[in-house]
Structures are given as structure tokens and as C-alpha cells.
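*Asks:* Right, I'll just put the structure down here and ask away after.
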Amino acid sequence: MDLEDVKSRGLVLLGCGKMGSALLRGWIDAGLPASVVGVLDPSPPDWLESAGVTLNAEPQSAPAVVLLAVKPQMMAEALPRVARWKGGKTLYLSVAAGTPISFYESVLGAETPVVRAMPNTPAAVSRGITAIVGNAAAGPAHLALAEALLSAVGEVVRLDNEGQIDAVTGVSGSGPAYVFHLVEALALAGEAQGLPPELAMKLARATIVGAGELLRQSDKSAEQLRIDVTSPKGTTAEALEVLMSEEDGFPVLLCRAVGAAADRSRELSR
């Protein structure tokens, strides 16, 4: 099973919100013919009308892949609509947060290949990272196909077991929000030092974007890049002494935040 199977047998996208749209755009940009994609969504985005995909017309034959991209709270109602291809040659690939593989198996059967994925919002600009894990019925070819599809919007990593996905949710799934909040906090700190709000936000935003791009392009570790920019007894060193405090510094606070997100992910999976 590979992308050629998708081109010949088709792909069904159940739900086309932000993540579904990002994936669909990525596939089309990567060369997947829009005509092989069927979108099932009661309120599809307007751009789909001219995209060349099939809208809300369920295929008669089993597709190669059903990608489940509806909101988690809608999954129980939506999944039965595409369950008739269970137990066969169709791969079910889910990007719904907080929905465990056991739920899909309860509806589709344990013999149906299921891959659970945890993407993040930078997928919208093809800079996402997605973690995947499959059930016992998902073999190497299924995982390779899932990776190929999700690679259209960024990097893909494979997990050893589904238990790791809660930690992934706390780190990369929720992580973009932490970065956005860092920009907000940095801008507010600039205002506190006398900068106009607009200028403070411009400086904070450009700093985070630039540092991220430097990290992406460099072969150095984040730790080494931090050391490189920190002169002994300089201004950055003074700031880092506060941020790296073992009592209430950034590492302690962020560890608590990631832990809270991971705990919530575990609660949603029950």
C-alpha cells in the first residue's frame, strides 16, 4: 500500500476544518490529483467548490484511506458513516485529538488498520510536526503510507506506543500556543520598559520568528545556540538567571504546563 494505491482507489476526507484543509492543500500542492479525493463535510469551506475534489458523495468502492479529521466530540456520530469499509484494505488515519485507538477498534473492529496521528497547527504553513502510532493491524506499509500523507504538511515521527501520544500532545500539539503566548509576554515586558505597544509587539514577534528560523537552519543544538548568544556577565546572562531559576523559572513553569496538557489529554482519552 502506497500513494499509488491512493491515486487508483481514492481517499476519503471526513471533515475539512483547519487541519483537514491544511492536509488537503498539502496533498494537492505535492501532486496528488484532487479528483481522487472525496470530502465529506456538512459545511465545507468555500474554496473546495473550485478545488476539483468530490463533495459529499460517498464512493461505492472501498478507498485506500479514510482520513478522520472531524472534531473529537463529533467522532462518535461521524465515524459510522465511513465504517462500511472496515476489516478490509482501507486504512483509517485519524488526526482527532483525545480519541484513542481502542475507540476506533470498538466501531471498526481490531482487524481494521488504524493509525492515530497528533499533528500541530503549523501544518497550515507546511511547518508542522506529526507523531503517529498504529494498532496491531497496521503494518509497515500502512505506517509508511500515513507518513507519506502527513509529510505533505511537515515532519513525521513514529511513536513506540500509544501511551506516548499524551506527552506529544503536551509538547508539540499544544506547543504553538506556548510560543504565541511567549510573544505576548515578551511584548508586554517591552511595554513595561517603556516601549510603545506596537513597537514592542513588532520586536517580540520578529525575535521569535527569527530565532525559530535560526534554529531550523543551524546544525547546532538549542542549548549551544543559547550559549553562543550569552556573553558572560552580559545582559542576556542576567535575563537567563531569572528565566532559568530552579525554583520558579521557565523550565519549571513549562514542565508544569506540559504536564497539565498531557493530563488533560489522558482525561479526554478515557
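Letters for chains follow the order of the C-alpha cells (A, B, ...), residue numbers begin at 1 for each chain, and ligand numbers begin at 1 in the order shown.
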Give me, as a PyMOL selection string, the residues of range 34-260 of chain A that a backbone DSSP run labels strand (DSSP E or B).

*Replies:* chain A and resi 37-40+54-55+65-68+91-94+114-118+128-134+154-158

*Asks:* Please list as an MDAnalysis selection string every residue within 12 Å of Gly134 in chain A, counting only C-alpha atoms and excluding residues in the same chain fewer than 5 positions away.

*Replies:* chainID A and resid 91:94 100:102 104:105 110:118 139:147 158:163 165

*Asks:* Quick one: of A:Val95, A:Ala76, A:Leu23, A:Leu32, who's nearest to Ser8 in chain A, counting only C-alpha atoms?

*Replies:* A:Leu32

*Asks:* If DSSP is run on the backbone, what residues of range 108-246 of chain A are helix (DSSP H, G or I)? A reply as a PyMOL selection string would be ideal.

*Replies:* chain A and resi 108+121-125+140-153+162-173+175-192+197-217+222-229+235-243

*Asks:* Excluding range 9-17 of chain A and residues on its chain fewer than 5 positions from it, collect all residues at most 10 Å away from it, counting only C-alpha atoms, and give them as a CSV table (one decimal) with all heavy atoms, in the first residue's frame.

*Replies:*
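Generated file (around_21.csv):
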```csv
chain,number,residue,atom,x,y,z
A,3,LEU,N,1.2,5.6,-2.1
A,3,LEU,CA,0.5,6.7,-2.7
A,3,LEU,C,-0.1,6.3,-4.0
A,3,LEU,O,-1.1,6.9,-4.5
A,3,LEU,CB,1.4,7.9,-2.9
A,3,LEU,CG,1.8,8.6,-1.6
A,3,LEU,CD1,2.8,9.7,-1.9
A,3,LEU,CD2,0.6,9.2,-0.9
A,4,GLU,N,0.4,5.3,-4.7
A,4,GLU,CA,-0.2,4.9,-6.0
A,4,GLU,C,-1.5,4.2,-5.7
A,4,GLU,O,-2.4,4.3,-6.6
A,4,GLU,CB,0.8,3.9,-6.7
A,4,GLU,CG,2.0,4.6,-7.3
A,4,GLU,CD,1.7,5.7,-8.2
A,4,GLU,OE1,0.8,5.5,-9.1
A,4,GLU,OE2,2.3,6.8,-8.1
A,22,ALA,N,-5.7,22.0,5.7
A,22,ALA,CA,-4.2,22.1,5.6
A,22,ALA,C,-3.6,20.8,4.9
A,22,ALA,O,-2.8,20.9,4.0
A,22,ALA,CB,-3.6,22.3,7.0
A,23,LEU,N,-4.1,19.7,5.3
A,23,LEU,CA,-3.7,18.4,4.7
A,23,LEU,C,-4.1,18.4,3.2
A,23,LEU,O,-3.2,18.0,2.4
A,23,LEU,CB,-4.3,17.2,5.5
A,23,LEU,CG,-3.6,17.0,6.8
A,23,LEU,CD1,-4.5,16.0,7.7
A,23,LEU,CD2,-2.2,16.4,6.7
A,24,LEU,N,-5.3,18.7,2.9
A,24,LEU,CA,-5.8,18.6,1.5
A,24,LEU,C,-5.0,19.6,0.6
A,24,LEU,O,-4.5,19.2,-0.5
A,24,LEU,CB,-7.2,19.0,1.5
A,24,LEU,CG,-7.9,19.0,0.1
A,24,LEU,CD1,-7.7,17.6,-0.6
A,24,LEU,CD2,-9.4,19.3,0.2
A,33,PRO,N,-3.7,14.2,-7.3
A,33,PRO,CA,-4.8,14.7,-8.1
A,33,PRO,C,-6.0,14.9,-7.2
A,33,PRO,O,-6.5,14.1,-6.4
A,33,PRO,CB,-5.1,13.6,-9.1
A,33,PRO,CG,-3.9,12.8,-9.2
A,33,PRO,CD,-3.3,12.8,-7.8
A,34,ALA,N,-6.6,16.1,-7.3
A,34,ALA,CA,-7.7,16.5,-6.4
A,34,ALA,C,-8.9,15.6,-6.7
A,34,ALA,O,-9.8,15.3,-5.9
A,34,ALA,CB,-8.1,17.9,-6.6
A,35,SER,N,-9.0,15.1,-7.9
A,35,SER,CA,-10.1,14.2,-8.4
A,35,SER,C,-10.2,12.9,-7.6
A,35,SER,O,-11.3,12.3,-7.6
A,35,SER,CB,-10.0,14.0,-9.9
A,35,SER,OG,-8.8,13.3,-10.2
A,36,VAL,N,-9.1,12.5,-7.0
A,36,VAL,CA,-9.2,11.2,-6.2
A,36,VAL,C,-9.6,11.4,-4.8
A,36,VAL,O,-9.7,10.4,-4.0
A,36,VAL,CB,-7.8,10.5,-6.3
A,36,VAL,CG1,-7.3,10.3,-7.7
A,36,VAL,CG2,-6.7,11.2,-5.5
A,37,VAL,N,-9.8,12.6,-4.4
A,37,VAL,CA,-10.2,12.9,-3.0
A,37,VAL,C,-11.7,13.2,-2.9
A,37,VAL,O,-12.2,14.0,-3.7
A,37,VAL,CB,-9.4,14.1,-2.5
A,37,VAL,CG1,-9.8,14.4,-1.0
A,37,VAL,CG2,-7.9,13.9,-2.5
A,38,GLY,N,-12.3,12.5,-2.0
A,38,GLY,CA,-13.7,12.8,-1.7
A,38,GLY,C,-13.8,13.4,-0.3
A,38,GLY,O,-13.3,12.9,0.7
A,39,VAL,N,-14.5,14.6,-0.2
A,39,VAL,CA,-14.6,15.3,1.1
A,39,VAL,C,-16.1,15.1,1.6
A,39,VAL,O,-17.0,15.4,0.9
A,39,VAL,CB,-14.3,16.7,1.0
A,39,VAL,CG1,-14.5,17.5,2.3
A,39,VAL,CG2,-12.8,16.9,0.5
A,40,LEU,N,-16.2,14.6,2.8
A,40,LEU,CA,-17.5,14.5,3.5
A,40,LEU,C,-17.5,15.5,4.6
A,40,LEU,O,-16.8,15.4,5.6
A,40,LEU,CB,-17.7,13.1,4.0
A,40,LEU,CG,-17.6,11.9,3.0
A,40,LEU,CD1,-17.8,10.6,3.7
A,40,LEU,CD2,-18.6,12.1,1.9
A,41,ASP,N,-18.3,16.6,4.4
A,41,ASP,CA,-18.4,17.7,5.4
A,41,ASP,C,-19.7,18.4,5.2
A,41,ASP,O,-19.9,18.9,4.1
A,41,ASP,CB,-17.2,18.6,5.3
A,41,ASP,CG,-17.0,19.5,6.5
A,41,ASP,OD1,-18.0,20.2,6.8
A,41,ASP,OD2,-15.9,19.6,7.1
A,42,PRO,N,-20.5,18.6,6.3
A,42,PRO,CA,-21.8,19.3,6.1
A,42,PRO,C,-21.6,20.7,5.8
A,42,PRO,O,-22.5,21.3,5.2
A,42,PRO,CB,-22.5,19.0,7.4
A,42,PRO,CG,-21.4,18.8,8.4
A,42,PRO,CD,-20.3,18.1,7.6
A,43,SER,N,-20.5,21.3,6.2
A,43,SER,CA,-20.2,22.7,5.9
A,43,SER,C,-18.8,22.9,5.4
A,43,SER,O,-18.0,23.5,6.0
A,43,SER,CB,-20.4,23.6,7.2
A,43,SER,OG,-21.7,23.4,7.7
A,44,PRO,N,-18.6,22.5,4.1
A,44,PRO,CA,-17.2,22.5,3.6
A,44,PRO,C,-16.8,24.0,3.3
A,44,PRO,O,-17.6,24.8,3.0
A,44,PRO,CB,-17.4,21.7,2.3
A,44,PRO,CG,-18.8,21.9,1.9
A,44,PRO,CD,-19.5,21.9,3.2
A,45,PRO,N,-15.5,24.3,3.4
A,45,PRO,CA,-15.0,25.6,3.1
A,45,PRO,C,-15.3,26.0,1.7
A,45,PRO,O,-15.3,25.1,0.8
A,45,PRO,CB,-13.5,25.5,3.4
A,45,PRO,CG,-13.2,24.1,3.5
A,45,PRO,CD,-14.4,23.4,3.9
A,48,LEU,N,-13.3,24.7,-1.6
A,48,LEU,CA,-13.4,23.4,-2.1
A,48,LEU,C,-14.2,23.3,-3.4
A,48,LEU,O,-14.1,22.4,-4.2
A,48,LEU,CB,-14.0,22.4,-1.1
A,48,LEU,CG,-13.1,22.1,0.1
A,48,LEU,CD1,-13.8,21.0,1.0
A,48,LEU,CD2,-11.8,21.5,-0.3
A,54,THR,N,-14.3,15.8,-4.9
A,54,THR,CA,-15.7,15.3,-4.9
A,54,THR,C,-16.3,15.7,-3.5
A,54,THR,O,-15.8,15.3,-2.5
A,54,THR,CB,-15.8,13.8,-5.1
A,54,THR,OG1,-15.2,13.5,-6.4
A,54,THR,CG2,-17.3,13.4,-5.1
A,55,LEU,N,-17.4,16.4,-3.5
A,55,LEU,CA,-18.0,16.9,-2.3
A,55,LEU,C,-19.2,16.1,-1.9
A,55,LEU,O,-20.2,16.0,-2.7
A,55,LEU,CB,-18.4,18.4,-2.4
A,55,LEU,CG,-17.3,19.4,-2.1
A,55,LEU,CD1,-17.8,20.8,-2.4
A,55,LEU,CD2,-16.8,19.3,-0.7
A,56,ASN,N,-19.2,15.5,-0.7
A,56,ASN,CA,-20.4,14.9,-0.1
A,56,ASN,C,-21.1,13.8,-1.0
A,56,ASN,O,-22.3,13.7,-1.0
A,56,ASN,CB,-21.4,15.9,0.4
A,56,ASN,CG,-20.8,16.7,1.5
A,56,ASN,OD1,-20.2,16.2,2.5
A,56,ASN,ND2,-21.0,18.0,1.5
A,57,ALA,N,-20.2,13.1,-1.7
A,57,ALA,CA,-20.7,12.0,-2.5
A,57,ALA,C,-19.9,10.7,-2.1
A,57,ALA,O,-18.7,10.7,-2.5
A,57,ALA,CB,-20.6,12.2,-4.0
A,58,GLU,N,-20.5,9.8,-1.4
A,58,GLU,CA,-19.7,8.7,-0.8
A,58,GLU,C,-19.4,7.7,-1.9
A,58,GLU,O,-20.2,7.3,-2.7
A,58,GLU,CB,-20.5,8.0,0.3
A,58,GLU,CG,-20.8,9.0,1.5
A,58,GLU,CD,-21.6,8.3,2.6
A,58,GLU,OE1,-21.6,7.1,2.6
A,58,GLU,OE2,-22.1,9.0,3.4
A,59,PRO,N,-18.1,7.3,-2.0
A,59,PRO,CA,-17.7,6.3,-3.1
A,59,PRO,C,-18.3,5.0,-2.9
A,59,PRO,O,-18.6,4.6,-1.7
A,59,PRO,CB,-16.2,6.3,-2.9
A,59,PRO,CG,-15.9,6.6,-1.5
A,59,PRO,CD,-17.0,7.7,-1.1
A,61,SER,N,-16.9,2.1,-4.0
A,61,SER,CA,-15.9,1.1,-3.7
A,61,SER,C,-15.0,1.6,-2.6
A,61,SER,O,-14.9,2.8,-2.3
A,61,SER,CB,-15.0,0.8,-5.0
A,61,SER,OG,-14.4,2.0,-5.4
A,62,ALA,N,-14.3,0.6,-1.9
A,62,ALA,CA,-13.5,1.0,-0.8
A,62,ALA,C,-12.3,1.8,-1.2
A,62,ALA,O,-11.5,1.5,-2.0
A,62,ALA,CB,-13.0,-0.3,-0.1
A,63,PRO,N,-12.1,3.0,-0.5
A,63,PRO,CA,-11.0,3.8,-0.8
A,63,PRO,C,-9.7,3.3,-0.1
A,63,PRO,O,-9.8,2.4,0.8
A,63,PRO,CB,-11.4,5.2,-0.1
A,63,PRO,CG,-12.2,4.8,1.0
A,63,PRO,CD,-13.0,3.6,0.5
A,64,ALA,N,-8.6,3.7,-0.6
A,64,ALA,CA,-7.3,3.3,0.1
A,64,ALA,C,-7.2,3.8,1.5
A,64,ALA,O,-6.7,3.1,2.4
A,64,ALA,CB,-6.1,3.8,-0.8
A,65,VAL,N,-7.7,5.0,1.7
A,65,VAL,CA,-7.5,5.7,3.0
A,65,VAL,C,-8.8,6.5,3.3
A,65,VAL,O,-9.4,7.1,2.5
A,65,VAL,CB,-6.3,6.7,3.0
A,65,VAL,CG1,-6.2,7.4,4.4
A,65,VAL,CG2,-5.0,5.9,2.7
A,66,VAL,N,-9.2,6.4,4.6
A,66,VAL,CA,-10.2,7.3,5.2
A,66,VAL,C,-9.4,8.1,6.2
A,66,VAL,O,-8.9,7.6,7.2
A,66,VAL,CB,-11.4,6.6,5.8
A,66,VAL,CG1,-12.3,7.6,6.5
A,66,VAL,CG2,-12.1,5.8,4.7
A,67,LEU,N,-9.4,9.4,6.0
A,67,LEU,CA,-8.7,10.3,7.0
A,67,LEU,C,-9.8,10.9,7.8
A,67,LEU,O,-10.7,11.6,7.3
A,67,LEU,CB,-7.8,11.4,6.3
A,67,LEU,CG,-6.9,12.1,7.3
A,67,LEU,CD1,-5.5,12.1,6.8
A,67,LEU,CD2,-7.5,13.4,7.6
A,68,LEU,N,-9.7,10.7,9.1
A,68,LEU,CA,-10.7,11.2,10.1
A,68,LEU,C,-10.2,12.5,10.7
A,68,LEU,O,-9.3,12.6,11.5
A,68,LEU,CB,-10.9,10.1,11.2
A,68,LEU,CG,-11.2,8.7,10.6
A,68,LEU,CD1,-11.1,7.7,11.8
A,68,LEU,CD2,-12.6,8.7,10.0
A,69,ALA,N,-10.9,13.6,10.3
A,69,ALA,CA,-10.5,14.9,10.7
A,69,ALA,C,-11.6,15.7,11.3
A,69,ALA,O,-11.6,17.0,11.3
A,69,ALA,CB,-9.9,15.7,9.5
A,70,VAL,N,-12.6,15.1,11.8
A,70,VAL,CA,-13.7,15.8,12.5
A,70,VAL,C,-13.3,16.1,13.9
A,70,VAL,O,-12.3,15.5,14.4
A,70,VAL,CB,-15.0,15.0,12.5
A,70,VAL,CG1,-15.5,14.7,11.0
A,70,VAL,CG2,-14.9,13.6,13.2
A,71,LYS,N,-14.0,17.0,14.5
A,71,LYS,CA,-13.7,17.3,15.9
A,71,LYS,C,-14.0,16.1,16.8
A,71,LYS,O,-14.9,15.3,16.5
A,71,LYS,CB,-14.5,18.5,16.4
A,71,LYS,CG,-14.2,19.8,15.7
A,71,LYS,CD,-15.0,20.9,16.1
A,71,LYS,CE,-14.6,22.2,15.4
A,71,LYS,NZ,-15.4,23.4,15.9
A,74,MET,N,-17.4,15.0,17.8
A,74,MET,CA,-18.3,14.6,16.8
A,74,MET,C,-18.0,13.2,16.2
A,74,MET,O,-18.7,12.7,15.4
A,74,MET,CB,-18.2,15.6,15.6
A,74,MET,CG,-18.6,17.1,16.0
A,74,MET,SD,-18.2,18.2,14.6
A,74,MET,CE,-19.1,17.5,13.2
A,75,MET,N,-16.9,12.6,16.7
A,75,MET,CA,-16.4,11.4,16.1
A,75,MET,C,-17.4,10.3,16.3
A,75,MET,O,-17.6,9.5,15.4
A,75,MET,CB,-15.0,11.0,16.7
A,75,MET,CG,-14.3,9.9,16.0
A,75,MET,SD,-13.9,10.2,14.3
A,75,MET,CE,-12.6,11.3,14.5
A,78,ALA,N,-19.9,10.7,13.7
A,78,ALA,CA,-19.5,10.7,12.3
A,78,ALA,C,-18.8,9.4,11.8
A,78,ALA,O,-19.0,9.0,10.6
A,78,ALA,CB,-18.5,11.9,12.1
A,79,LEU,N,-18.1,8.7,12.7
A,79,LEU,CA,-17.4,7.5,12.3
A,79,LEU,C,-18.3,6.4,11.6
A,79,LEU,O,-17.8,5.8,10.6
A,79,LEU,CB,-16.6,6.9,13.4
A,79,LEU,CG,-15.7,5.7,13.1
A,79,LEU,CD1,-14.7,6.1,12.1
A,79,LEU,CD2,-15.0,5.3,14.4
A,81,ARG,N,-20.5,6.6,9.6
A,81,ARG,CA,-20.8,7.0,8.2
A,81,ARG,C,-19.8,6.4,7.3
A,81,ARG,O,-20.1,6.1,6.1
A,81,ARG,CB,-20.8,8.5,8.1
A,81,ARG,CG,-21.2,9.0,6.7
A,81,ARG,CD,-21.2,10.5,6.6
A,81,ARG,NE,-21.6,10.9,5.2
A,81,ARG,CZ,-21.6,12.2,4.8
A,81,ARG,NH1,-21.3,13.1,5.7
A,81,ARG,NH2,-22.0,12.5,3.6
A,82,VAL,N,-18.5,6.1,7.8
A,82,VAL,CA,-17.5,5.6,6.9
A,82,VAL,C,-17.0,4.2,7.4
A,82,VAL,O,-15.9,3.7,7.0
A,82,VAL,CB,-16.3,6.6,6.8
A,82,VAL,CG1,-16.7,7.8,6.1
A,82,VAL,CG2,-15.7,6.9,8.2
A,90,THR,N,-8.8,-0.9,3.6
A,90,THR,CA,-8.8,0.5,3.8
A,90,THR,C,-8.1,0.9,5.1
A,90,THR,O,-8.4,0.3,6.1
A,90,THR,CB,-10.3,1.1,3.9
A,90,THR,OG1,-10.9,0.9,2.6
A,90,THR,CG2,-10.3,2.6,4.2
A,91,LEU,N,-7.2,1.9,5.0
A,91,LEU,CA,-6.5,2.4,6.2
A,91,LEU,C,-7.3,3.5,6.8
A,91,LEU,O,-7.7,4.5,6.0
A,91,LEU,CB,-5.1,2.9,5.8
A,91,LEU,CG,-4.4,3.7,6.9
A,91,LEU,CD1,-4.1,2.9,8.1
A,91,LEU,CD2,-3.1,4.3,6.3
A,92,TYR,N,-7.6,3.5,8.1
A,92,TYR,CA,-8.2,4.6,8.8
A,92,TYR,C,-7.2,5.4,9.5
A,92,TYR,O,-6.5,4.9,10.4
A,92,TYR,CB,-9.3,4.1,9.7
A,92,TYR,CG,-10.5,3.6,9.0
A,92,TYR,CD1,-10.6,2.3,8.5
A,92,TYR,CD2,-11.7,4.4,8.9
A,92,TYR,CE1,-11.7,1.8,7.8
A,92,TYR,CE2,-12.8,3.9,8.3
A,92,TYR,CZ,-12.8,2.6,7.7
A,92,TYR,OH,-13.9,2.1,7.1
A,93,LEU,N,-7.0,6.7,9.1
A,93,LEU,CA,-6.0,7.5,9.7
A,93,LEU,C,-6.7,8.7,10.4
A,93,LEU,O,-7.4,9.5,9.8
A,93,LEU,CB,-5.1,8.1,8.5
A,93,LEU,CG,-4.0,9.1,8.9
A,93,LEU,CD1,-3.1,8.6,10.0
A,93,LEU,CD2,-3.3,9.5,7.6
A,94,SER,N,-6.4,8.8,11.7
A,94,SER,CA,-7.1,9.8,12.5
A,94,SER,C,-6.2,10.9,13.0
A,94,SER,O,-5.1,10.7,13.4
A,94,SER,CB,-7.8,9.2,13.7
A,94,SER,OG,-8.2,10.2,14.6
```

*Asks:* Write out as a ChimeraX atom specification the residues lying within 10 Å of range 235-239 of chain A, counting only C-alpha atoms and excluding same-chain residues fewer than 6 positions away.

*Replies:* /A:226-227,229

*Asks:* Those same residues, written as a short mmCIF file (atom, residue, chain, number, x, y, z; two decimals), in the first residue's frame with C-alpha atoms?

*Replies:*
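The result, written out as selection.cif:
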```
data_model
loop_
_atom_site.label_atom_id
_atom_site.label_comp_id
_atom_site.auth_asym_id
_atom_site.auth_seq_id
_atom_site.Cartn_x
_atom_site.Cartn_y
_atom_site.Cartn_z
CA ARG A 226 21.68 29.78 23.68
CA ILE A 227 25.27 29.60 24.91
CA VAL A 229 24.29 34.34 22.28
#
```

*Asks:* Given the choices A:Gln193, A:Ser172, A:Gln217, A:Ser245, which gets closest to Pro122 in chain A if the distance is worked out from only C-alpha atoms?

*Replies:*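 Selected residue with least distance to Pro122 in chain A: A:Ser172.
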
*Asks:* At a cut-off of 12 Å, using only C-alpha atoms, what residues contact Arg127 in chain A? Leave out same-chain residues fewer than 3 positions from it and give the result as a count of residues only.

*Replies:* 22

*Asks:* Compile the contact shell of Arg264 in chain A as a list in words: residues with an atom at most 12 Å away, counting only C-alpha atoms, same-chain residues fewer than 6 positions apart removed.

*Replies:* Ala97, Gly98, Ile165, Asp166, Ala167, Thr169, Gly170, Ser174, Ala257, Val258 and Arg270 of chain A

*Asks:* Could you state the separation of CA of Leu199 in chain A and CA of Ala177 in chain A in Å, given to one decimal place?

*Replies:*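 CA of Leu199 in chain A sits 21.6 Å away from CA of Ala177 in chain A.
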
*Asks:* One number please: CA of Arg266 in chain A to CA of Glu247 in chain A, in Å, one decimal.

*Replies:*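 Between CA of Arg266 in chain A and CA of Glu247 in chain A the gap is 27.1 Å.
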
*Asks:* Nearest residue to Glu267 in chain A out of A:Ile208, A:Thr99, A:Met1, A:Lys18, using only C-alpha atoms?

*Replies:*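 The answer is A:Thr99, which sits nearest to Glu267 in chain A.
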
*Asks:* Report as a PyMOL selection string all protein, DNA and RNA residues lying within 10 Å of Ala200 in chain A, evaluated on only C-alpha atoms, omitting residues in the same chain fewer than 5 positions from it.

*Replies:* chain A and resi 183-184+186-195+205
